[in-house]
Amino acid sequence: MQITTQAVQIGLEWDTRTGAVSVPIYQTATFRHPGLGQSTGFDYTRSGNPTRQALEEGIARLDGGVRGFAYATGMAAITGLLMLFKAGDHIVVTEDLYGGTCRLFNQVFNQFGLSFSYVDTTDLAAVEAAIRPETRALFIETLTNPLLKFADLPALAELSRRRGLLLIADNTFLTPYLLRPLDLGADITVYSATKYLAGHNDTLGGLVVTSNPELAERIYFYQNSVGAVLAPQDSWLIIRGMKTLGIRLDRHQENALKIATWLQQQPRISKVHYPGLPQHPDHALMKRQARGFGAMIAFEVDKHALVEQVLLKTRLISFAESLGGVESLITFPEVQTHADIPAELRARLGINNVLLRLSVGIEDADDLIEDLRQALEG
């Protein structure tokens, strides 16, 4: 079945007693045992809950993996994966990534003996040069945040296999609808399900999928032991969001291309980052490997004073953090989502004081363009 069909079908098989089309929310902490030494398959919601399991099985099917795991947030999901490593291990990381991930690596897990090197993962030679004897994994964002660079996944997977590394792909911006990293050689995918998968800016969640059964057992052990699992109500909300993933992303992308094309023509916009534009350096590669280009746009205005004007003058587009919901959102990465990245690294990457990040929603594209036009004109 196509991913759109699989997404709509998530949870349909769960309630065989009543035939409920929507998977029930099993709002319970514990489960009664039928007898001594017997179990229904569920004992305690930290270890497993039917609503959460419906979501976990659903994302595993969409991603082409053997098992999925649902966490309280995207950061909790990444934290759970870092439990796979031990003091002294080293991880090579995409340099242009979400600031919260950078903070987790540099300010939390560094104190436990893990080390991280940041490289441009679109440069295969740079990635290989960063690998050390103690390197255990390569952590990438399939479409980077906020500058929207796209790396060659099969090439990185081949390098990882050759050097004995795990390849972990944060696929939040693209989702399985547009890209399935496991099909291209990744070992693990991770998502902030808060974003496009849930899609309505109304809940938090993180998801992990792996194609390796042995690795799945290790991930489950840490998920259950650490306990940062997704609650039943939030699991249900994400399932509900995922059912419309395909049609939402089709509209998101249609709007994004139209807006990015318009932004390129505006005299007060000096640069537009959107991989759907033919001028984007990774456009051809992404066209070969993905089913679409996503709906995130980064753009630079011609002077810093215009940043605050745009943020405060937009009427339809909300000045807010996060992304991937049906509502359009705009943010200022330098002082919001990427403030925890060292200033010198931000400057080198181009995360500067004129860069704005736009999460394009599913409103009418002409209305969004008019909103940006009047904000730019003040």
# chains A, B, ... in the order shown; residues from 1 in each chain; ligands from 1

call {"tool": "residues_around", "arguments": {"residues": "range 14-22 of chain A", "least_positions_apart": "2", "cutoff": "12 Å", "atoms": "only C-alpha atoms", "output": "JSON, numbers by chain"}}
result
{"A": [8, 9, 10, 11, 12, 24, 25, 26, 49, 50, 51, 52, 53, 54, 55, 57, 58, 236, 237, 239, 240, 243]}

call {"tool": "residues_around", "arguments": {"residues": "Ile247 in chain A", "least_positions_apart": "4", "cutoff": "9 Å", "atoms": "only C-alpha atoms", "output": "ChimeraX atom specification"}}
result
/A:4,251-252

call {"tool": "select_by_dssp", "arguments": {"residues": "range 186-348 of chain A", "states": "strand (DSSP E or B)", "output": "list in words"}}
result
Ile188, Thr189, Val190, Tyr191, Ser192, Gly206, Leu207, Val208, Val209, Thr210, Val229, Ile269, Ser270, Lys271, Val272, His273, Met296, Ile297, Ala298, Phe299, Glu300, Val301, Ser318, Phe319, Leu329, Ile330 and Thr331 of chain A

call {"tool": "write_last_selection", "arguments": {"atoms": "N, CA and C atoms", "output": "mmCIF file, in the first residue's frame"}}
result
data_model
loop_
_atom_site.group_PDB
_atom_site.id
_atom_site.type_symbol
_atom_site.label_atom_id
_atom_site.label_comp_id
_atom_site.auth_asym_id
_atom_site.auth_seq_id
_atom_site.Cartn_x
_atom_site.Cartn_y
_atom_site.Cartn_z
ATOM 1 N N ILE A 188 18.614 3.991 11.904
ATOM 2 C CA ILE A 188 17.593 4.519 12.815
ATOM 3 C C ILE A 188 17.080 5.836 12.248
ATOM 4 N N THR A 189 15.764 6.034 12.330
ATOM 5 C CA THR A 189 15.211 7.357 12.067
ATOM 6 C C THR A 189 14.598 7.892 13.352
ATOM 7 N N VAL A 190 14.637 9.207 13.496
ATOM 8 C CA VAL A 190 14.059 9.854 14.670
ATOM 9 C C VAL A 190 13.277 11.064 14.199
ATOM 10 N N TYR A 191 12.167 11.347 14.896
ATOM 11 C CA TYR A 191 11.279 12.441 14.526
ATOM 12 C C TYR A 191 10.858 13.225 15.758
ATOM 13 N N SER A 192 10.754 14.530 15.607
ATOM 14 C CA SER A 192 9.892 15.286 16.500
ATOM 15 C C SER A 192 8.495 15.163 15.918
ATOM 16 N N GLY A 206 7.796 12.385 20.323
ATOM 17 C CA GLY A 206 8.969 11.984 19.572
ATOM 18 C C GLY A 206 8.829 10.532 19.152
ATOM 19 N N LEU A 207 9.335 10.207 17.964
ATOM 20 C CA LEU A 207 9.240 8.842 17.450
ATOM 21 C C LEU A 207 10.599 8.367 16.954
ATOM 22 N N VAL A 208 10.849 7.081 17.116
ATOM 23 C CA VAL A 208 12.073 6.429 16.654
ATOM 24 C C VAL A 208 11.672 5.158 15.927
ATOM 25 N N VAL A 209 12.366 4.854 14.834
ATOM 26 C CA VAL A 209 12.140 3.606 14.091
ATOM 27 C C VAL A 209 13.495 3.016 13.740
ATOM 28 N N THR A 210 13.605 1.691 13.799
ATOM 29 C CA THR A 210 14.813 1.021 13.343
ATOM 30 C C THR A 210 14.463 -0.160 12.455
ATOM 31 N N VAL A 229 8.158 8.081 28.075
ATOM 32 C CA VAL A 229 7.261 7.573 27.039
ATOM 33 C C VAL A 229 6.125 8.554 26.762
ATOM 34 N N ILE A 269 14.594 41.106 -0.087
ATOM 35 C CA ILE A 269 15.042 39.753 0.275
ATOM 36 C C ILE A 269 16.350 39.491 -0.455
ATOM 37 N N SER A 270 17.409 39.232 0.316
ATOM 38 C CA SER A 270 18.730 39.056 -0.297
ATOM 39 C C SER A 270 19.065 37.598 -0.597
ATOM 40 N N LYS A 271 18.430 36.657 0.081
ATOM 41 C CA LYS A 271 18.721 35.241 -0.168
ATOM 42 C C LYS A 271 17.530 34.393 0.269
ATOM 43 N N VAL A 272 17.242 33.344 -0.502
ATOM 44 C CA VAL A 272 16.168 32.410 -0.168
ATOM 45 C C VAL A 272 16.736 31.000 -0.158
ATOM 46 N N HIS A 273 16.523 30.283 0.930
ATOM 47 C CA HIS A 273 16.935 28.880 1.050
ATOM 48 C C HIS A 273 15.680 28.020 0.953
ATOM 49 N N MET A 296 9.612 24.016 4.499
ATOM 50 C CA MET A 296 10.353 24.992 5.300
ATOM 51 C C MET A 296 11.131 25.912 4.363
ATOM 52 N N ILE A 297 11.101 27.204 4.660
ATOM 53 C CA ILE A 297 11.847 28.198 3.897
ATOM 54 C C ILE A 297 12.657 29.035 4.881
ATOM 55 N N ALA A 298 13.906 29.283 4.561
ATOM 56 C CA ALA A 298 14.700 30.276 5.284
ATOM 57 C C ALA A 298 15.039 31.390 4.305
ATOM 58 N N PHE A 299 14.971 32.619 4.780
ATOM 59 C CA PHE A 299 15.295 33.733 3.885
ATOM 60 C C PHE A 299 15.947 34.863 4.670
ATOM 61 N N GLU A 300 16.756 35.627 3.961
ATOM 62 C CA GLU A 300 17.463 36.744 4.568
ATOM 63 C C GLU A 300 16.892 38.055 4.043
ATOM 64 N N VAL A 301 16.622 38.974 4.963
ATOM 65 C CA VAL A 301 16.206 40.320 4.585
ATOM 66 C C VAL A 301 17.443 41.197 4.426
ATOM 67 N N SER A 318 2.044 33.542 12.300
ATOM 68 C CA SER A 318 2.320 33.803 13.713
ATOM 69 C C SER A 318 3.810 33.804 13.993
ATOM 70 N N PHE A 319 4.246 34.777 14.798
ATOM 71 C CA PHE A 319 5.621 34.819 15.293
ATOM 72 C C PHE A 319 5.705 33.833 16.454
ATOM 73 N N LEU A 329 4.039 29.627 10.617
ATOM 74 C CA LEU A 329 4.782 30.217 11.725
ATOM 75 C C LEU A 329 6.093 30.787 11.206
ATOM 76 N N ILE A 330 6.544 31.879 11.824
ATOM 77 C CA ILE A 330 7.825 32.471 11.460
ATOM 78 C C ILE A 330 8.638 32.704 12.725
ATOM 79 N N THR A 331 9.951 32.507 12.623
ATOM 80 C CA THR A 331 10.814 32.664 13.786
ATOM 81 C C THR A 331 12.163 33.212 13.368
#

call {"tool": "atom_distance", "arguments": {"atom1": "CA of Leu138 in chain A", "atom2": "CA of Ser160 in chain A"}}
result
7.2 Å

call {"tool": "closest_residue", "arguments": {"among": "A:Ile259, A:Pro333, A:Thr314, A:Phe69", "to": "Ala375 in chain A", "atoms": "only C-alpha atoms"}}
result
A:Thr314

call {"tool": "closest_atom_pairs", "arguments": {"of": "range 64-125 of chain A", "to": "range 211-227 of chain A", "cutoff": "9 Å", "atoms": "only C-alpha atoms", "output": "Markdown table"}}
result
| residue | atom | partner | partner_atom | distance |
| --- | --- | --- | --- | --- |
| A:Gly64 | CA | A:Ser211 | CA | 7.3 |
| A:Gly65 | CA | A:Ser211 | CA | 4.3 |
| A:Val66 | CA | A:Ser211 | CA | 5.1 |
| A:Arg67 | CA | A:Ala216 | CA | 6.4 |
| A:Gly68 | CA | A:Ala216 | CA | 8.1 |
| A:Phe69 | CA | A:Tyr220 | CA | 7.4 |
| A:Ala70 | CA | A:Gln223 | CA | 8.7 |
| A:Tyr71 | CA | A:Gln223 | CA | 7.9 |
| A:Ala77 | CA | A:Gln223 | CA | 8.6 |
| A:Gly80 | CA | A:Gln223 | CA | 6.2 |
| A:Leu81 | CA | A:Ile219 | CA | 6.9 |
| A:Met83 | CA | A:Tyr222 | CA | 6.7 |
| A:Leu84 | CA | A:Ile219 | CA | 7.4 |

call {"tool": "residues_around", "arguments": {"residues": "Leu167 in chain A", "least_positions_apart": "4", "cutoff": "12 Å", "atoms": "only C-alpha atoms", "output": "ChimeraX atom specification"}}
result
/A:81,91-94,121,135-142,153-163,181-182,184-190,210-212

call {"tool": "write_last_selection", "arguments": {"atoms": "N, CA, C and O atoms", "output": "short mmCIF file (atom, residue, chain, number, x, y, z; two decimals), in the first residue's frame"}}
result
data_model
loop_
_atom_site.label_atom_id
_atom_site.label_comp_id
_atom_site.auth_asym_id
_atom_site.auth_seq_id
_atom_site.Cartn_x
_atom_site.Cartn_y
_atom_site.Cartn_z
N LEU A 81 18.07 7.56 22.34
CA LEU A 81 19.06 6.97 21.42
C LEU A 81 20.48 7.15 21.95
O LEU A 81 21.34 6.28 21.74
N ILE A 91 30.63 10.85 18.34
CA ILE A 91 29.59 10.88 17.32
C ILE A 91 29.86 12.05 16.38
O ILE A 91 30.13 13.17 16.83
N VAL A 92 29.79 11.79 15.09
CA VAL A 92 29.91 12.84 14.07
C VAL A 92 28.50 13.35 13.76
O VAL A 92 27.58 12.56 13.54
N VAL A 93 28.34 14.67 13.74
CA VAL A 93 27.02 15.29 13.71
C VAL A 93 26.94 16.32 12.59
O VAL A 93 27.91 17.03 12.32
N THR A 94 25.77 16.42 11.97
CA THR A 94 25.50 17.52 11.05
C THR A 94 25.72 18.85 11.74
O THR A 94 25.17 19.09 12.82
N THR A 121 27.68 17.65 6.52
CA THR A 121 27.44 16.26 6.08
C THR A 121 27.08 16.18 4.60
O THR A 121 26.88 15.07 4.08
N THR A 135 34.84 6.67 17.23
CA THR A 135 33.55 7.08 16.65
C THR A 135 32.61 5.88 16.55
O THR A 135 33.00 4.82 16.08
N ARG A 136 31.37 6.08 16.99
CA ARG A 136 30.41 4.99 16.99
C ARG A 136 29.18 5.28 16.13
O ARG A 136 28.42 4.36 15.82
N ALA A 137 28.96 6.55 15.75
CA ALA A 137 27.74 6.86 15.01
C ALA A 137 27.90 8.14 14.21
O ALA A 137 28.75 8.98 14.51
N LEU A 138 27.04 8.25 13.22
CA LEU A 138 26.88 9.48 12.44
C LEU A 138 25.43 9.92 12.63
O LEU A 138 24.50 9.16 12.36
N PHE A 139 25.24 11.14 13.14
CA PHE A 139 23.90 11.68 13.40
C PHE A 139 23.67 12.82 12.42
O PHE A 139 24.39 13.82 12.45
N ILE A 140 22.66 12.67 11.56
CA ILE A 140 22.40 13.69 10.56
C ILE A 140 20.96 14.16 10.63
O ILE A 140 20.08 13.46 11.15
N GLU A 141 20.72 15.36 10.12
CA GLU A 141 19.37 15.80 9.81
C GLU A 141 19.21 15.67 8.30
O GLU A 141 20.04 16.19 7.54
N THR A 142 18.17 14.96 7.86
CA THR A 142 18.03 14.71 6.43
C THR A 142 17.83 16.01 5.65
O THR A 142 18.31 16.14 4.52
N LEU A 153 22.26 10.47 1.25
CA LEU A 153 22.04 9.42 2.24
C LEU A 153 22.68 8.08 1.87
O LEU A 153 23.34 7.45 2.71
N PRO A 154 22.51 7.56 0.65
CA PRO A 154 23.16 6.29 0.33
C PRO A 154 24.68 6.35 0.48
O PRO A 154 25.31 5.38 0.94
N ALA A 155 25.30 7.48 0.13
CA ALA A 155 26.74 7.60 0.28
C ALA A 155 27.13 7.61 1.75
O ALA A 155 28.13 6.97 2.15
N LEU A 156 26.37 8.32 2.59
CA LEU A 156 26.66 8.32 4.02
C LEU A 156 26.42 6.94 4.64
O LEU A 156 27.15 6.52 5.54
N ALA A 157 25.41 6.23 4.14
CA ALA A 157 25.14 4.88 4.64
C ALA A 157 26.27 3.93 4.28
O ALA A 157 26.70 3.10 5.10
N GLU A 158 26.78 4.04 3.06
CA GLU A 158 27.89 3.18 2.65
C GLU A 158 29.13 3.48 3.49
O GLU A 158 29.82 2.55 3.93
N LEU A 159 29.40 4.75 3.73
CA LEU A 159 30.53 5.13 4.58
C LEU A 159 30.34 4.60 6.00
O LEU A 159 31.29 4.05 6.60
N SER A 160 29.15 4.71 6.53
CA SER A 160 28.88 4.22 7.89
C SER A 160 29.07 2.72 7.99
O SER A 160 29.67 2.22 8.96
N ARG A 161 28.59 1.98 7.00
CA ARG A 161 28.77 0.52 7.01
C ARG A 161 30.25 0.16 6.94
O ARG A 161 30.73 -0.70 7.67
N ARG A 162 30.97 0.86 6.06
CA ARG A 162 32.40 0.57 5.88
C ARG A 162 33.20 0.85 7.15
O ARG A 162 34.16 0.13 7.45
N ARG A 163 32.79 1.87 7.90
CA ARG A 163 33.53 2.24 9.10
C ARG A 163 32.89 1.70 10.38
O ARG A 163 33.35 2.02 11.48
N PRO A 181 14.52 7.19 5.15
CA PRO A 181 15.96 6.98 5.29
C PRO A 181 16.37 5.52 5.45
O PRO A 181 17.45 5.13 5.01
N LEU A 182 15.50 4.70 6.08
CA LEU A 182 15.85 3.28 6.26
C LEU A 182 16.00 2.59 4.90
O LEU A 182 16.85 1.70 4.74
N LEU A 184 17.24 3.89 2.35
CA LEU A 184 18.49 4.36 1.75
C LEU A 184 19.71 4.00 2.57
O LEU A 184 20.81 4.45 2.28
N GLY A 185 19.52 3.16 3.62
CA GLY A 185 20.67 2.64 4.35
C GLY A 185 20.83 3.10 5.77
O GLY A 185 21.75 2.63 6.47
N ALA A 186 19.99 4.02 6.25
CA ALA A 186 20.09 4.44 7.65
C ALA A 186 19.70 3.29 8.57
O ALA A 186 18.89 2.41 8.20
N ASP A 187 20.24 3.29 9.79
CA ASP A 187 19.91 2.27 10.79
C ASP A 187 18.72 2.69 11.65
O ASP A 187 17.95 1.84 12.10
N ILE A 188 18.61 3.99 11.90
CA ILE A 188 17.59 4.52 12.81
C ILE A 188 17.08 5.84 12.25
O ILE A 188 17.86 6.65 11.75
N THR A 189 15.76 6.03 12.33
CA THR A 189 15.21 7.36 12.07
C THR A 189 14.60 7.89 13.35
O THR A 189 14.10 7.13 14.19
N VAL A 190 14.64 9.21 13.50
CA VAL A 190 14.06 9.85 14.67
C VAL A 190 13.28 11.06 14.20
O VAL A 190 13.63 11.71 13.20
N THR A 210 13.61 1.69 13.80
CA THR A 210 14.81 1.02 13.34
C THR A 210 14.46 -0.16 12.45
O THR A 210 13.37 -0.74 12.56
N SER A 211 15.40 -0.52 11.60
CA SER A 211 15.22 -1.66 10.71
C SER A 211 15.95 -2.89 11.23
O SER A 211 15.91 -3.95 10.59
N ASN A 212 16.59 -2.77 12.39
CA ASN A 212 17.42 -3.84 12.94
C ASN A 212 16.75 -4.43 14.18
O ASN A 212 16.62 -3.75 15.20
#

call {"tool": "select_by_dssp", "arguments": {"residues": "range 96-233 of chain A", "states": "alpha helix (DSSP H)", "output": "VMD selection string"}}
result
chain A and resid 99 to 103 124 to 130 153 to 163 175 to 178 213 to 226 232 to 233

call {"tool": "closest_residue", "arguments": {"among": "A:Val326, A:Ala284, A:Ala60, A:Val335", "to": "Asn353 in chain A", "atoms": "only C-alpha atoms"}}
result
A:Val335

call {"tool": "decode", "arguments": {"residues": "range 282-307 of chain A", "atoms": "N, CA, C and O atoms", "output": "compact mmCIF listing (two decimals), in the first residue's frame"}}
result
# COMPACT_ATOMS: atom_id res chain seq x y z
N ASP A 282 21.42 21.66 -3.57
CA ASP A 282 21.08 20.25 -3.37
C ASP A 282 19.78 19.85 -4.08
O ASP A 282 19.25 18.76 -3.83
N HIS A 283 19.28 20.70 -4.94
CA HIS A 283 17.99 20.44 -5.60
C HIS A 283 18.00 19.13 -6.39
O HIS A 283 17.11 18.30 -6.24
N ALA A 284 19.01 18.94 -7.23
CA ALA A 284 19.03 17.75 -8.09
C ALA A 284 19.18 16.47 -7.27
O ALA A 284 18.50 15.47 -7.55
N LEU A 285 20.04 16.50 -6.26
CA LEU A 285 20.23 15.32 -5.41
C LEU A 285 18.95 14.98 -4.67
O LEU A 285 18.53 13.81 -4.62
N MET A 286 18.31 15.99 -4.12
CA MET A 286 17.07 15.74 -3.37
C MET A 286 15.96 15.25 -4.29
O MET A 286 15.14 14.41 -3.90
N LYS A 287 15.94 15.75 -5.51
CA LYS A 287 14.93 15.31 -6.47
C LYS A 287 15.08 13.82 -6.77
O LYS A 287 14.10 13.11 -7.00
N ARG A 288 16.33 13.32 -6.77
CA ARG A 288 16.57 11.89 -7.02
C ARG A 288 16.20 11.02 -5.83
O ARG A 288 15.72 9.89 -6.00
N GLN A 289 16.43 11.51 -4.61
CA GLN A 289 16.32 10.64 -3.44
C GLN A 289 15.02 10.80 -2.66
O GLN A 289 14.63 9.89 -1.93
N ALA A 290 14.35 11.94 -2.79
CA ALA A 290 13.14 12.21 -2.01
C ALA A 290 11.94 12.38 -2.92
O ALA A 290 12.07 12.58 -4.13
N ARG A 291 10.76 12.32 -2.32
CA ARG A 291 9.51 12.48 -3.08
C ARG A 291 9.05 13.93 -3.11
O ARG A 291 8.02 14.24 -3.70
N GLY A 292 9.77 14.81 -2.44
CA GLY A 292 9.39 16.21 -2.40
C GLY A 292 10.44 17.00 -1.66
O GLY A 292 11.44 16.45 -1.19
N PHE A 293 10.19 18.30 -1.51
CA PHE A 293 11.20 19.20 -0.96
C PHE A 293 10.81 19.80 0.38
O PHE A 293 11.54 20.63 0.92
N GLY A 294 9.69 19.39 0.93
CA GLY A 294 9.28 19.91 2.22
C GLY A 294 8.68 21.30 2.11
O GLY A 294 8.48 21.84 1.02
N ALA A 295 8.40 21.88 3.29
CA ALA A 295 7.68 23.17 3.31
C ALA A 295 8.32 24.17 4.25
O ALA A 295 7.65 25.08 4.74
N MET A 296 9.61 24.02 4.50
CA MET A 296 10.35 24.99 5.30
C MET A 296 11.13 25.91 4.36
O MET A 296 11.75 25.45 3.40
N ILE A 297 11.10 27.20 4.66
CA ILE A 297 11.85 28.20 3.90
C ILE A 297 12.66 29.04 4.88
O ILE A 297 12.14 29.44 5.93
N ALA A 298 13.91 29.28 4.56
CA ALA A 298 14.70 30.28 5.28
C ALA A 298 15.04 31.39 4.31
O ALA A 298 15.34 31.12 3.14
N PHE A 299 14.97 32.62 4.78
CA PHE A 299 15.29 33.73 3.88
C PHE A 299 15.95 34.86 4.67
O PHE A 299 15.73 35.01 5.88
N GLU A 300 16.76 35.63 3.96
CA GLU A 300 17.46 36.74 4.57
C GLU A 300 16.89 38.06 4.04
O GLU A 300 16.72 38.24 2.83
N VAL A 301 16.62 38.97 4.96
CA VAL A 301 16.21 40.32 4.58
C VAL A 301 17.44 41.20 4.43
O VAL A 301 18.54 40.82 4.82
N ASP A 302 17.27 42.38 3.84
CA ASP A 302 18.45 43.17 3.47
C ASP A 302 19.09 43.94 4.62
O ASP A 302 20.20 44.43 4.50
N LYS A 303 18.37 44.06 5.76
CA LYS A 303 19.01 44.68 6.92
C LYS A 303 18.31 44.20 8.19
O LYS A 303 17.14 43.81 8.17
N HIS A 304 19.04 44.28 9.31
CA HIS A 304 18.55 43.71 10.56
C HIS A 304 17.26 44.38 11.04
O HIS A 304 16.39 43.71 11.61
N ALA A 305 17.12 45.67 10.82
CA ALA A 305 15.93 46.38 11.30
C ALA A 305 14.65 45.79 10.72
O ALA A 305 13.57 45.89 11.33
N LEU A 306 14.75 45.18 9.57
CA LEU A 306 13.57 44.61 8.92
C LEU A 306 13.09 43.33 9.60
O LEU A 306 11.93 42.94 9.45
N VAL A 307 13.99 42.66 10.35
CA VAL A 307 13.62 41.41 11.02
C VAL A 307 12.46 41.63 11.98
O VAL A 307 11.42 40.95 11.90
